[in-house]
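Structure below is input.csv: CSV, C-alpha atoms.
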```csv
chain,number,residue,atom,x,y,z
A,1,MET,CA,18.8,-8.4,16.6
A,2,LEU,CA,17.2,-5.0,17.0
A,3,TYR,CA,14.7,-4.3,19.7
A,4,PHE,CA,12.5,-1.2,20.3
A,5,GLU,CA,15.3,0.4,22.4
A,6,ASP,CA,17.6,0.4,19.3
A,7,PHE,CA,15.2,2.7,17.3
A,8,ASN,CA,16.5,6.1,18.3
A,9,VAL,CA,14.8,9.1,16.7
A,10,GLY,CA,16.9,10.1,13.7
A,11,ARG,CA,18.5,6.7,13.1
A,12,SER,CA,18.4,6.1,9.4
A,13,TRP,CA,19.1,3.5,6.7
A,14,GLU,CA,19.6,3.5,2.9
A,15,SER,CA,18.5,0.5,0.9
A,16,GLU,CA,20.4,-1.1,-2.0
A,17,PRO,CA,19.1,0.1,-5.4
A,18,VAL,CA,16.7,-2.2,-7.3
A,19,SER,CA,15.5,-1.9,-10.9
A,20,ILE,CA,11.9,-2.4,-11.9
A,21,ASP,CA,11.3,-3.9,-15.3
A,22,ARG,CA,8.3,-3.8,-17.7
A,23,GLU,CA,7.4,-7.4,-17.1
A,24,SER,CA,7.2,-7.1,-13.3
A,25,ILE,CA,5.2,-3.8,-13.7
A,26,ILE,CA,2.6,-5.6,-15.9
A,27,ARG,CA,2.6,-8.8,-13.7
A,28,PHE,CA,1.7,-6.7,-10.6
A,29,GLY,CA,-0.7,-4.6,-12.5
A,30,ARG,CA,-2.6,-7.5,-13.9
A,31,GLU,CA,-3.0,-9.1,-10.4
A,32,PHE,CA,-3.8,-6.1,-8.3
A,33,ASP,CA,-4.3,-2.9,-10.3
A,34,PRO,CA,-5.5,-3.7,-13.8
A,35,GLN,CA,-5.9,-0.2,-15.2
A,36,PRO,CA,-4.5,0.1,-18.7
A,37,PHE,CA,-1.6,2.3,-17.7
A,38,HIS,CA,-0.4,-0.4,-15.3
A,39,THR,CA,-0.9,-3.4,-17.7
A,40,GLY,CA,0.2,-2.0,-21.1
A,41,GLY,CA,-3.4,-1.8,-22.4
A,42,LYS,CA,-5.0,1.1,-24.3
A,43,PRO,CA,-6.4,3.7,-22.0
A,44,ALA,CA,-9.9,5.3,-22.5
A,45,VAL,CA,-8.4,8.7,-21.6
A,46,GLU,CA,-4.7,9.5,-22.3
A,47,PRO,CA,-3.0,9.9,-18.8
A,48,PRO,CA,-0.8,12.9,-18.3
A,49,PHE,CA,2.2,10.7,-17.8
A,50,GLY,CA,1.7,9.1,-21.2
A,51,GLU,CA,3.2,5.6,-20.8
A,52,LEU,CA,3.1,2.4,-18.8
A,53,ILE,CA,3.8,3.2,-15.2
A,54,ALA,CA,4.1,1.0,-12.1
A,55,SER,CA,1.1,0.7,-9.7
A,56,GLY,CA,1.7,2.7,-6.6
A,57,TRP,CA,0.9,-0.4,-4.7
A,58,HIS,CA,3.8,-2.1,-6.4
A,59,THR,CA,6.3,0.8,-5.6
A,60,GLY,CA,5.0,1.1,-2.0
A,61,SER,CA,5.5,-2.7,-1.6
A,62,ILE,CA,9.1,-2.3,-2.9
A,63,GLY,CA,9.6,0.4,-0.1
A,64,MET,CA,8.2,-2.2,2.4
A,65,ARG,CA,10.7,-4.8,1.1
A,66,HIS,CA,13.5,-2.3,1.5
A,67,MET,CA,12.5,-1.7,5.1
A,68,VAL,CA,12.7,-5.5,5.8
A,69,ASP,CA,16.0,-5.8,4.0
A,70,CYS,CA,17.5,-2.8,5.8
A,71,PHE,CA,16.5,-3.7,9.4
A,72,LEU,CA,13.0,-5.1,10.0
A,73,GLY,CA,14.1,-8.6,9.0
A,74,ASN,CA,16.7,-8.5,11.8
A,75,SER,CA,14.3,-7.0,14.4
A,76,ALA,CA,11.7,-7.9,16.9
A,77,SER,CA,9.0,-6.4,14.7
A,78,VAL,CA,5.5,-7.9,15.2
A,79,GLY,CA,3.8,-6.0,12.4
A,80,GLY,CA,2.3,-2.6,12.0
A,81,PRO,CA,-1.1,-0.9,12.5
A,82,GLY,CA,-0.9,1.1,9.3
A,83,LEU,CA,0.5,4.2,7.6
A,84,ASP,CA,-0.1,7.9,8.5
A,85,TYR,CA,-0.1,8.7,4.8
A,86,LEU,CA,1.1,7.4,1.4
A,87,LYS,CA,2.0,9.7,-1.5
A,88,TRP,CA,3.0,8.9,-5.1
A,89,PRO,CA,4.6,12.2,-6.2
A,90,ASN,CA,6.2,11.0,-9.5
A,91,PRO,CA,5.5,8.1,-11.9
A,92,VAL,CA,7.8,5.0,-12.1
A,93,TYR,CA,8.6,3.8,-15.6
A,94,PRO,CA,10.1,0.5,-16.8
A,95,ASP,CA,13.8,0.2,-16.0
A,96,ASP,CA,13.7,3.0,-13.4
A,97,ILE,CA,16.0,2.3,-10.5
A,98,LEU,CA,14.5,2.6,-7.0
A,99,ARG,CA,16.4,3.2,-3.7
A,100,THR,CA,14.8,3.8,-0.3
A,101,SER,CA,15.7,6.1,2.5
A,102,ILE,CA,14.3,5.3,6.0
A,103,ALA,CA,14.5,7.3,9.2
A,104,VAL,CA,13.0,7.0,12.7
A,105,LEU,CA,10.5,9.9,13.2
A,106,GLU,CA,9.1,8.9,16.6
A,107,ALA,CA,9.3,6.1,19.1
A,108,ARG,CA,7.0,5.4,22.1
A,109,ILE,CA,5.9,2.6,24.3
A,110,SER,CA,2.5,1.2,23.3
A,111,SER,CA,-0.1,2.1,25.9
A,112,SER,CA,-2.3,-0.9,25.1
A,113,ARG,CA,0.6,-3.4,24.9
A,114,PRO,CA,3.4,-2.3,27.2
A,115,ALA,CA,5.8,-5.1,26.1
A,116,LEU,CA,5.8,-3.4,22.7
A,117,GLY,CA,7.1,-0.1,21.3
A,118,LEU,CA,5.5,1.7,18.4
A,119,VAL,CA,8.0,3.2,16.0
A,120,LYS,CA,7.0,5.7,13.3
A,121,PHE,CA,9.3,5.9,10.2
A,122,ASN,CA,9.7,8.4,7.4
A,123,VAL,CA,10.2,6.4,4.2
A,124,ILE,CA,11.1,7.8,0.8
A,125,VAL,CA,11.5,5.7,-2.3
A,126,ARG,CA,13.5,7.7,-4.9
A,127,LYS,CA,14.2,7.2,-8.6
A,128,GLN,CA,17.6,7.3,-10.2
A,129,ASP,CA,17.2,11.1,-10.8
A,130,LEU,CA,16.5,11.4,-7.0
A,131,ARG,CA,12.9,12.4,-7.6
A,132,PRO,CA,10.6,10.8,-5.0
A,133,ALA,CA,8.3,8.0,-6.2
A,134,VAL,CA,6.8,7.1,-2.8
A,135,GLU,CA,6.6,9.1,0.4
A,136,MET,CA,5.1,7.3,3.4
A,137,VAL,CA,5.0,7.2,7.2
A,138,PRO,CA,4.4,3.6,8.4
A,139,ASN,CA,4.1,2.6,12.0
A,140,VAL,CA,5.5,-0.6,13.3
A,141,PHE,CA,5.2,-2.5,16.6
A,142,ILE,CA,8.6,-3.7,17.8
A,143,ALA,CA,9.1,-5.7,21.0
A,144,ARG,CA,11.0,-4.2,23.9
A,145,ARG,CA,14.3,-5.8,25.0
A,146,LEU,CA,13.1,-7.1,28.4
A,147,GLU,CA,15.3,-8.3,31.2
A,148,GLY,CA,16.8,-11.6,30.2
A,149,SER,CA,15.9,-11.4,26.5
A,150,PRO,CA,18.5,-12.5,24.1
A,151,ILE,CA,20.3,-9.6,22.4
B,1,MET,CA,-17.9,4.7,-19.0
B,2,LEU,CA,-17.7,6.8,-15.8
B,3,TYR,CA,-16.3,10.3,-15.8
B,4,PHE,CA,-15.7,12.7,-12.9
B,5,GLU,CA,-19.3,14.0,-13.0
B,6,ASP,CA,-20.5,10.5,-12.2
B,7,PHE,CA,-18.8,10.3,-8.8
B,8,ASN,CA,-21.4,11.9,-6.6
B,9,VAL,CA,-20.6,12.2,-2.9
B,10,GLY,CA,-22.1,9.2,-1.2
B,11,ARG,CA,-22.2,6.9,-4.2
B,12,SER,CA,-21.1,3.4,-3.1
B,13,TRP,CA,-20.1,0.0,-4.4
B,14,GLU,CA,-19.6,-3.4,-2.8
B,15,SER,CA,-17.1,-5.9,-4.3
B,16,GLU,CA,-17.5,-9.6,-4.9
B,17,PRO,CA,-15.9,-11.7,-2.1
B,18,VAL,CA,-12.5,-13.2,-2.7
B,19,SER,CA,-10.7,-15.8,-0.6
B,20,ILE,CA,-7.0,-15.5,0.3
B,21,ASP,CA,-5.1,-18.7,0.6
B,22,ARG,CA,-1.9,-19.7,2.4
B,23,GLU,CA,0.1,-20.1,-0.8
B,24,SER,CA,-0.7,-16.5,-2.1
B,25,ILE,CA,0.0,-15.0,1.4
B,26,ILE,CA,3.5,-16.7,1.4
B,27,ARG,CA,4.1,-15.8,-2.3
B,28,PHE,CA,3.4,-12.1,-1.7
B,29,GLY,CA,5.3,-12.1,1.6
B,30,ARG,CA,8.4,-13.6,0.1
B,31,GLU,CA,8.5,-11.0,-2.7
B,32,PHE,CA,7.6,-7.8,-0.8
B,33,ASP,CA,7.4,-8.3,3.0
B,34,PRO,CA,9.6,-11.2,4.1
B,35,GLN,CA,9.0,-11.1,7.8
B,36,PRO,CA,8.5,-14.6,9.3
B,37,PHE,CA,4.8,-14.0,10.1
B,38,HIS,CA,4.2,-13.3,6.4
B,39,THR,CA,6.3,-16.2,5.0
B,40,GLY,CA,5.6,-19.0,7.4
B,41,GLY,CA,9.1,-18.8,9.0
B,42,LYS,CA,9.9,-18.9,12.7
B,43,PRO,CA,9.6,-15.4,14.3
B,44,ALA,CA,12.3,-14.2,16.7
B,45,VAL,CA,9.5,-12.8,18.9
B,46,GLU,CA,6.0,-14.4,19.0
B,47,PRO,CA,3.6,-11.9,17.5
B,48,PRO,CA,0.3,-11.3,19.4
B,49,PHE,CA,-1.7,-12.7,16.5
B,50,GLY,CA,0.2,-15.9,16.8
B,51,GLU,CA,0.1,-17.3,13.2
B,52,LEU,CA,0.8,-16.7,9.6
B,53,ILE,CA,-1.0,-13.5,8.4
B,54,ALA,CA,-1.1,-11.7,5.1
B,55,SER,CA,1.1,-8.6,4.6
B,56,GLY,CA,-0.9,-5.4,4.9
B,57,TRP,CA,0.5,-4.5,1.4
B,58,HIS,CA,-1.2,-7.6,0.1
B,59,THR,CA,-4.6,-6.9,1.6
B,60,GLY,CA,-4.4,-3.2,0.6
B,61,SER,CA,-3.6,-4.3,-2.9
B,62,ILE,CA,-6.6,-6.6,-2.9
B,63,GLY,CA,-8.7,-3.5,-1.9
B,64,MET,CA,-7.2,-1.7,-4.9
B,65,ARG,CA,-8.1,-4.6,-7.2
B,66,HIS,CA,-11.7,-4.4,-5.9
B,67,MET,CA,-11.8,-0.7,-6.7
B,68,VAL,CA,-10.8,-1.5,-10.3
B,69,ASP,CA,-13.3,-4.3,-10.6
B,70,CYS,CA,-16.1,-2.3,-9.1
B,71,PHE,CA,-15.8,0.9,-11.2
B,72,LEU,CA,-12.3,2.2,-11.9
B,73,GLY,CA,-11.7,-0.3,-14.7
B,74,ASN,CA,-14.7,1.3,-16.5
B,75,SER,CA,-13.8,4.9,-15.7
B,76,ALA,CA,-11.7,7.8,-17.0
B,77,SER,CA,-9.2,7.3,-14.1
B,78,VAL,CA,-5.7,8.5,-14.8
B,79,GLY,CA,-4.2,7.3,-11.5
B,80,GLY,CA,-3.9,8.7,-8.0
B,81,PRO,CA,-1.6,10.9,-6.0
B,82,GLY,CA,-1.8,8.8,-2.8
B,83,LEU,CA,-3.8,7.8,0.3
B,84,ASP,CA,-4.8,10.1,3.2
B,85,TYR,CA,-4.2,7.1,5.5
B,86,LEU,CA,-4.0,3.3,5.5
B,87,LYS,CA,-4.9,1.2,8.6
B,88,TRP,CA,-4.8,-2.6,9.3
B,89,PRO,CA,-7.1,-3.0,12.3
B,90,ASN,CA,-7.3,-6.8,12.2
B,91,PRO,CA,-5.1,-9.6,10.9
B,92,VAL,CA,-6.0,-11.6,7.8
B,93,TYR,CA,-5.4,-15.4,8.0
B,94,PRO,CA,-5.2,-18.1,5.3
B,95,ASP,CA,-8.7,-18.8,3.9
B,96,ASP,CA,-10.2,-15.6,5.1
B,97,ILE,CA,-12.7,-14.2,2.7
B,98,LEU,CA,-12.4,-10.5,1.9
B,99,ARG,CA,-15.0,-8.1,0.5
B,100,THR,CA,-14.6,-4.4,0.0
B,101,SER,CA,-17.0,-1.5,0.5
B,102,ILE,CA,-16.2,1.8,-1.3
B,103,ALA,CA,-17.9,5.1,-1.1
B,104,VAL,CA,-17.2,8.6,-2.5
B,105,LEU,CA,-16.2,10.9,0.3
B,106,GLU,CA,-15.4,14.1,-1.6
B,107,ALA,CA,-15.1,15.2,-5.2
B,108,ARG,CA,-13.6,18.4,-6.6
B,109,ILE,CA,-12.1,19.8,-9.8
B,110,SER,CA,-8.3,19.7,-9.8
B,111,SER,CA,-6.9,23.3,-9.4
B,112,SER,CA,-3.6,22.3,-11.2
B,113,ARG,CA,-5.2,20.3,-14.0
B,114,PRO,CA,-8.7,21.6,-14.6
B,115,ALA,CA,-9.5,18.8,-17.1
B,116,LEU,CA,-9.4,16.4,-14.2
B,117,GLY,CA,-11.4,15.9,-11.0
B,118,LEU,CA,-9.9,14.6,-7.8
B,119,VAL,CA,-12.1,12.0,-6.0
B,120,LYS,CA,-11.5,10.9,-2.5
B,121,PHE,CA,-12.9,7.5,-1.5
B,122,ASN,CA,-13.6,5.7,1.7
B,123,VAL,CA,-12.5,2.0,1.3
B,124,ILE,CA,-13.0,-0.7,3.9
B,125,VAL,CA,-11.9,-4.3,3.2
B,126,ARG,CA,-13.8,-6.6,5.6
B,127,LYS,CA,-13.4,-10.2,6.7
B,128,GLN,CA,-16.1,-12.9,6.6
B,129,ASP,CA,-17.0,-11.9,10.2
B,130,LEU,CA,-17.4,-8.3,9.1
B,131,ARG,CA,-14.3,-7.1,11.1
B,132,PRO,CA,-12.3,-4.6,9.0
B,133,ALA,CA,-8.9,-5.8,7.7
B,134,VAL,CA,-8.0,-2.6,5.8
B,135,GLU,CA,-9.4,1.0,6.1
B,136,MET,CA,-8.0,3.6,3.7
B,137,VAL,CA,-8.8,6.9,2.0
B,138,PRO,CA,-7.3,6.9,-1.5
B,139,ASN,CA,-7.5,9.9,-3.9
B,140,VAL,CA,-7.9,9.3,-7.7
B,141,PHE,CA,-7.7,11.7,-10.6
B,142,ILE,CA,-10.6,11.1,-13.0
B,143,ALA,CA,-11.1,13.0,-16.3
B,144,ARG,CA,-14.1,15.3,-16.7
B,145,ARG,CA,-16.7,14.6,-19.3
B,146,LEU,CA,-15.9,17.5,-21.6
B,147,GLU,CA,-18.2,18.6,-24.4
B,148,GLY,CA,-18.1,16.1,-27.3
B,149,SER,CA,-16.4,13.4,-25.3
B,150,PRO,CA,-17.9,9.9,-25.7
B,151,ILE,CA,-20.1,8.8,-22.9
```

Please rewrite the model in this file as structure tokens.
Amino acid sequence: MLYFEDFNVGRSWESEPVSIDRESIIRFGREFDPQPFHTGGKPAVEPPFGELIASGWHTGSIGMRHMVDCFLGNSASVGGPGLDYLKWPNPVYPDDILRTSIAVLEARISSSRPALGLVKFNVIVRKQDLRPAVEMVPNVFIARRLEGSPI
Amino acid sequence: MLYFEDFNVGRSWESEPVSIDRESIIRFGREFDPQPFHTGGKPAVEPPFGELIASGWHTGSIGMRHMVDCFLGNSASVGGPGLDYLKWPNPVYPDDILRTSIAVLEARISSSRPALGLVKFNVIVRKQDLRPAVEMVPNVFIARRLEGSPI
């Protein structure tokens, strides 16, 4: 079980690869981002990327899932206040394979809630050709390992 | 059909309200953010908000859906390069009702792709008590209305 004290600056993780298929791209697009290039519809204006691509909310959510699988699911995380930024530098196509690199950028004790730490992560979701699909800096509150807490 | 020229700074939209139920919170949480406070499981550390809450990726995606419903679905959008920031100031509980306010913050012609404009939006997803659940600044590429284009 990981507590705030375990998140040393520079500590890093690499997720397992996951493939994203046409069906899941369209399912997410229809629910949350129904623009034609996310649902397989006919666009009014031809996008520069030319084909069906995954919503950035979908690929960002895959990065979140990778954070949980790598370490957050086995941590004293109590949720996050947000992201410093979120970038989608390259489009994600059906059957692309995504893998996420995560590193601790910064760690500090929360001034408003001193039983918690606030950890800032650098997160990059890459495609099979290593080009980044998502770059983001999320912040997560993680409980401190106080005296007598289970480890 | 809205082109770049229609996105005047200050133009604004208000979405329809949408309710978010326990089942959809858990479904999204299990797929993308399986921390116990998003799936109804037992947390290792009691979070300060104390109950099941929606993943911020879920509520952010609802804000995206509201942007599409308000205007992007009827526009020459060709996707976005990312968000300047994304904040989750207040937790979202089952049966909360979410409504999104969107305003144009900035609009400029893309230097790398002069047939496109880049529009920066201020987006706030609010709960029924008007407290913000999501605050974000997405950027979207929108085609310019060139001579001879249909309007």

Is it possible to see chain B as a short mmCIF file (atom, residue, chain, number, x, y, z; two decimals) with C-alpha atoms, keeping the file's coordinate frame, once it has been laid onto chain A by a least-squares fit on every C-alpha atom in order?
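See selection_27.cif below for the written result:
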```cif
data_model
loop_
_atom_site.label_atom_id
_atom_site.label_comp_id
_atom_site.auth_asym_id
_atom_site.auth_seq_id
_atom_site.Cartn_x
_atom_site.Cartn_y
_atom_site.Cartn_z
CA MET B 1 18.89 -8.40 16.61
CA LEU B 2 17.19 -4.99 17.00
CA TYR B 3 14.65 -4.32 19.70
CA PHE B 4 12.54 -1.22 20.38
CA GLU B 5 15.33 0.45 22.41
CA ASP B 6 17.50 0.40 19.31
CA PHE B 7 15.24 2.67 17.25
CA ASN B 8 16.48 6.07 18.30
CA VAL B 9 14.78 9.09 16.76
CA GLY B 10 16.82 10.10 13.77
CA ARG B 11 18.46 6.76 13.10
CA SER B 12 18.49 6.14 9.32
CA TRP B 13 19.14 3.51 6.70
CA GLU B 14 19.55 3.57 2.93
CA SER B 15 18.57 0.52 0.82
CA GLU B 16 20.42 -1.10 -2.04
CA PRO B 17 19.09 0.05 -5.46
CA VAL B 18 16.72 -2.22 -7.31
CA SER B 19 15.55 -1.92 -10.91
CA ILE B 20 11.90 -2.39 -11.92
CA ASP B 21 11.29 -3.89 -15.28
CA ARG B 22 8.35 -3.83 -17.70
CA GLU B 23 7.45 -7.47 -17.13
CA SER B 24 7.16 -7.10 -13.25
CA ILE B 25 5.15 -3.81 -13.63
CA ILE B 26 2.62 -5.66 -15.94
CA ARG B 27 2.63 -8.79 -13.69
CA PHE B 28 1.77 -6.77 -10.58
CA GLY B 29 -0.72 -4.60 -12.47
CA ARG B 30 -2.61 -7.53 -13.85
CA GLU B 31 -2.99 -9.13 -10.40
CA PHE B 32 -3.80 -6.08 -8.24
CA ASP B 33 -4.34 -2.87 -10.28
CA PRO B 34 -5.52 -3.69 -13.80
CA GLN B 35 -5.89 -0.22 -15.18
CA PRO B 36 -4.51 0.09 -18.75
CA PHE B 37 -1.59 2.33 -17.70
CA HIS B 38 -0.43 -0.43 -15.34
CA THR B 39 -0.93 -3.38 -17.74
CA GLY B 40 0.16 -1.98 -21.05
CA GLY B 41 -3.45 -1.80 -22.41
CA LYS B 42 -5.00 1.09 -24.30
CA PRO B 43 -6.39 3.76 -21.88
CA ALA B 44 -9.83 5.26 -22.53
CA VAL B 45 -8.34 8.67 -21.61
CA GLU B 46 -4.63 9.49 -22.21
CA PRO B 47 -3.03 9.90 -18.81
CA PRO B 48 -0.72 12.96 -18.33
CA PHE B 49 2.28 10.69 -17.81
CA GLY B 50 1.66 9.19 -21.17
CA GLU B 51 3.12 5.63 -20.79
CA LEU B 52 3.12 2.45 -18.87
CA ILE B 53 3.85 3.14 -15.14
CA ALA B 54 4.06 0.91 -12.12
CA SER B 55 1.07 0.71 -9.73
CA GLY B 56 1.63 2.78 -6.61
CA TRP B 57 0.87 -0.47 -4.64
CA HIS B 58 3.84 -2.02 -6.36
CA THR B 59 6.29 0.76 -5.59
CA GLY B 60 4.99 1.06 -1.99
CA SER B 61 5.50 -2.64 -1.62
CA ILE B 62 9.04 -2.32 -2.90
CA GLY B 63 9.56 0.35 -0.14
CA MET B 64 8.26 -2.20 2.37
CA ARG B 65 10.68 -4.84 1.07
CA HIS B 66 13.54 -2.33 1.53
CA MET B 67 12.47 -1.75 5.12
CA VAL B 68 12.71 -5.51 5.75
CA ASP B 69 16.05 -5.80 4.05
CA CYS B 70 17.49 -2.80 5.80
CA PHE B 71 16.55 -3.66 9.42
CA LEU B 72 13.08 -5.11 10.02
CA GLY B 73 14.12 -8.60 8.92
CA ASN B 74 16.66 -8.53 11.81
CA SER B 75 14.35 -6.96 14.37
CA ALA B 76 11.70 -7.88 16.96
CA SER B 77 8.95 -6.44 14.67
CA VAL B 78 5.53 -7.92 15.18
CA GLY B 79 3.83 -6.00 12.34
CA GLY B 80 2.22 -2.60 11.96
CA PRO B 81 -1.12 -0.96 12.45
CA GLY B 82 -0.93 1.18 9.29
CA LEU B 83 0.50 4.27 7.54
CA ASP B 84 -0.12 7.93 8.52
CA TYR B 85 -0.11 8.70 4.77
CA LEU B 86 1.10 7.35 1.42
CA LYS B 87 1.94 9.66 -1.54
CA TRP B 88 3.08 8.96 -5.17
CA PRO B 89 4.58 12.27 -6.27
CA ASN B 90 6.18 10.98 -9.48
CA PRO B 91 5.53 8.11 -11.87
CA VAL B 92 7.80 5.07 -12.04
CA TYR B 93 8.60 3.75 -15.57
CA PRO B 94 10.05 0.43 -16.79
CA ASP B 95 13.78 0.25 -15.95
CA ASP B 96 13.68 2.92 -13.34
CA ILE B 97 15.99 2.21 -10.48
CA LEU B 98 14.56 2.65 -6.99
CA ARG B 99 16.35 3.19 -3.68
CA THR B 100 14.76 3.85 -0.35
CA SER B 101 15.74 6.13 2.53
CA ILE B 102 14.24 5.38 5.98
CA ALA B 103 14.51 7.28 9.17
CA VAL B 104 12.94 6.99 12.65
CA LEU B 105 10.53 9.83 13.19
CA GLU B 106 9.09 8.96 16.60
CA ALA B 107 9.27 6.09 19.05
CA ARG B 108 7.08 5.41 22.08
CA ILE B 109 5.98 2.55 24.34
CA SER B 110 2.59 1.13 23.34
CA SER B 111 -0.08 2.18 25.96
CA SER B 112 -2.26 -0.92 25.09
CA ARG B 113 0.57 -3.44 24.96
CA PRO B 114 3.39 -2.25 27.18
CA ALA B 115 5.73 -5.07 26.03
CA LEU B 116 5.83 -3.40 22.66
CA GLY B 117 7.05 -0.06 21.31
CA LEU B 118 5.42 1.74 18.43
CA VAL B 119 7.93 3.23 15.91
CA LYS B 120 6.96 5.68 13.29
CA PHE B 121 9.23 5.92 10.23
CA ASN B 122 9.76 8.35 7.44
CA VAL B 123 10.22 6.36 4.14
CA ILE B 124 11.04 7.90 0.79
CA VAL B 125 11.53 5.68 -2.29
CA ARG B 126 13.52 7.68 -4.88
CA LYS B 127 14.21 7.28 -8.58
CA GLN B 128 17.65 7.27 -10.24
CA ASP B 129 17.25 11.07 -10.73
CA LEU B 130 16.55 11.46 -7.03
CA ARG B 131 12.85 12.47 -7.59
CA PRO B 132 10.63 10.76 -4.99
CA ALA B 133 8.32 7.99 -6.27
CA VAL B 134 6.78 7.09 -2.88
CA GLU B 135 6.66 9.07 0.45
CA MET B 136 5.01 7.34 3.42
CA VAL B 137 4.93 7.27 7.21
CA PRO B 138 4.41 3.68 8.38
CA ASN B 139 4.06 2.68 12.08
CA VAL B 140 5.54 -0.68 13.31
CA PHE B 141 5.16 -2.47 16.60
CA ILE B 142 8.56 -3.70 17.82
CA ALA B 143 9.10 -5.74 21.02
CA ARG B 144 11.05 -4.23 23.91
CA ARG B 145 14.26 -5.77 25.05
CA LEU B 146 13.03 -7.09 28.38
CA GLU B 147 15.36 -8.31 31.10
CA GLY B 148 16.87 -11.71 30.17
CA SER B 149 15.85 -11.50 26.55
CA PRO B 150 18.57 -12.47 24.05
CA ILE B 151 20.29 -9.61 22.40
#
```

*Pull out every residue of chain A sitting within 7 Å of chain B, counting all atoms listed in the file, and send them as a PyMOL selection string.*
chain A and resi 32-35+44-45+47+57+61-62+64-65+68+73+76+78+81-89

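The closest residue to Ile97 in chain B, picked from B:Leu146, B:Ile25, B:Val18, B:Val125 and counting all atoms listed in the file, is B:Val18.
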
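Relative to CA of Lys127 in chain B, CA of Val140 in chain B is found at 24.9 Å.
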
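Closest approach to Lys120 in chain A among A:Leu2, A:Ala54, A:Lys42, A:Gly10 is made by A:Gly10 (distances from all atoms listed in the file).
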
*Write out as a PyMOL selection string which residues come within 6 Å of Pro94 in chain A when counting only C-alpha atoms, dropping same-chain ones fewer than 5 positions away.*
chain A and resi 20-22

*Hey, can you check how far CA of Asn8 in chain A sits from CA of Cys70 in chain A?*
15.4 Å

*Pick from A:Glu23, A:Ala115, A:Ser12, A:Phe7, whichever lies nearest to Ile102 in chain A using all atoms listed in the file*: A:Ser12

_What does the structure give for the distance between CA of Val123 in chain B and CA of Leu105 in chain B, in Å to one decimal?_
9.7 Å

_So, with only C-alpha atoms as the atoms that count, which of B:Ser110, B:Thr39, B:Asn122, B:Ser15 lies closest to Arg144 in chain B?_
B:Ser110

Pull N, CA, C and O atoms for range 131-141 of chain B from the block and write them as a PDB file, in the first residue's frame.
```
ATOM      1  N   ARG B 131     -22.634  25.281  -7.572  1.00  0.00           N
ATOM      2  CA  ARG B 131     -21.200  25.112  -7.319  1.00  0.00           C
ATOM      3  C   ARG B 131     -20.543  24.442  -8.528  1.00  0.00           C
ATOM      4  O   ARG B 131     -21.112  23.512  -9.110  1.00  0.00           O
ATOM      5  N   PRO B 132     -19.330  24.906  -8.922  1.00  0.00           N
ATOM      6  CA  PRO B 132     -18.675  24.301 -10.087  1.00  0.00           C
ATOM      7  C   PRO B 132     -18.155  22.901  -9.789  1.00  0.00           C
ATOM      8  O   PRO B 132     -17.581  22.657  -8.728  1.00  0.00           O
ATOM      9  N   ALA B 133     -18.362  21.987 -10.737  1.00  0.00           N
ATOM     10  CA  ALA B 133     -17.815  20.633 -10.638  1.00  0.00           C
ATOM     11  C   ALA B 133     -16.588  20.484 -11.541  1.00  0.00           C
ATOM     12  O   ALA B 133     -15.668  19.743 -11.223  1.00  0.00           O
ATOM     13  N   VAL B 134     -16.596  21.197 -12.667  1.00  0.00           N
ATOM     14  CA  VAL B 134     -15.483  21.169 -13.629  1.00  0.00           C
ATOM     15  C   VAL B 134     -15.254  22.600 -14.108  1.00  0.00           C
ATOM     16  O   VAL B 134     -16.213  23.316 -14.419  1.00  0.00           O
ATOM     17  N   GLU B 135     -13.995  22.998 -14.158  1.00  0.00           N
ATOM     18  CA  GLU B 135     -13.611  24.263 -14.799  1.00  0.00           C
ATOM     19  C   GLU B 135     -12.487  23.930 -15.762  1.00  0.00           C
ATOM     20  O   GLU B 135     -11.492  23.309 -15.352  1.00  0.00           O
ATOM     21  N   MET B 136     -12.640  24.316 -17.023  1.00  0.00           N
ATOM     22  CA  MET B 136     -11.582  23.975 -17.982  1.00  0.00           C
ATOM     23  C   MET B 136     -11.539  24.971 -19.124  1.00  0.00           C
ATOM     24  O   MET B 136     -12.505  25.692 -19.373  1.00  0.00           O
ATOM     25  N   VAL B 137     -10.366  25.005 -19.783  1.00  0.00           N
ATOM     26  CA  VAL B 137     -10.150  25.901 -20.925  1.00  0.00           C
ATOM     27  C   VAL B 137      -9.655  25.069 -22.108  1.00  0.00           C
ATOM     28  O   VAL B 137      -8.449  24.903 -22.309  1.00  0.00           O
ATOM     29  N   PRO B 138     -10.600  24.504 -22.890  1.00  0.00           N
ATOM     30  CA  PRO B 138     -10.205  23.745 -24.082  1.00  0.00           C
ATOM     31  C   PRO B 138      -9.948  24.654 -25.282  1.00  0.00           C
ATOM     32  O   PRO B 138     -10.517  25.748 -25.388  1.00  0.00           O
ATOM     33  N   ASN B 139      -9.099  24.182 -26.162  1.00  0.00           N
ATOM     34  CA  ASN B 139      -8.808  24.849 -27.438  1.00  0.00           C
ATOM     35  C   ASN B 139      -9.329  23.964 -28.566  1.00  0.00           C
ATOM     36  O   ASN B 139      -9.152  22.746 -28.526  1.00  0.00           O
ATOM     37  N   VAL B 140      -9.966  24.571 -29.571  1.00  0.00           N
ATOM     38  CA  VAL B 140     -10.543  23.799 -30.669  1.00  0.00           C
ATOM     39  C   VAL B 140     -10.163  24.448 -32.006  1.00  0.00           C
ATOM     40  O   VAL B 140     -10.286  25.672 -32.156  1.00  0.00           O
ATOM     41  N   PHE B 141      -9.709  23.626 -32.968  1.00  0.00           N
ATOM     42  CA  PHE B 141      -9.486  24.103 -34.336  1.00  0.00           C
ATOM     43  C   PHE B 141     -10.830  24.124 -35.071  1.00  0.00           C
ATOM     44  O   PHE B 141     -11.546  23.110 -35.078  1.00  0.00           O
TER      45      PHE B 141
END
```
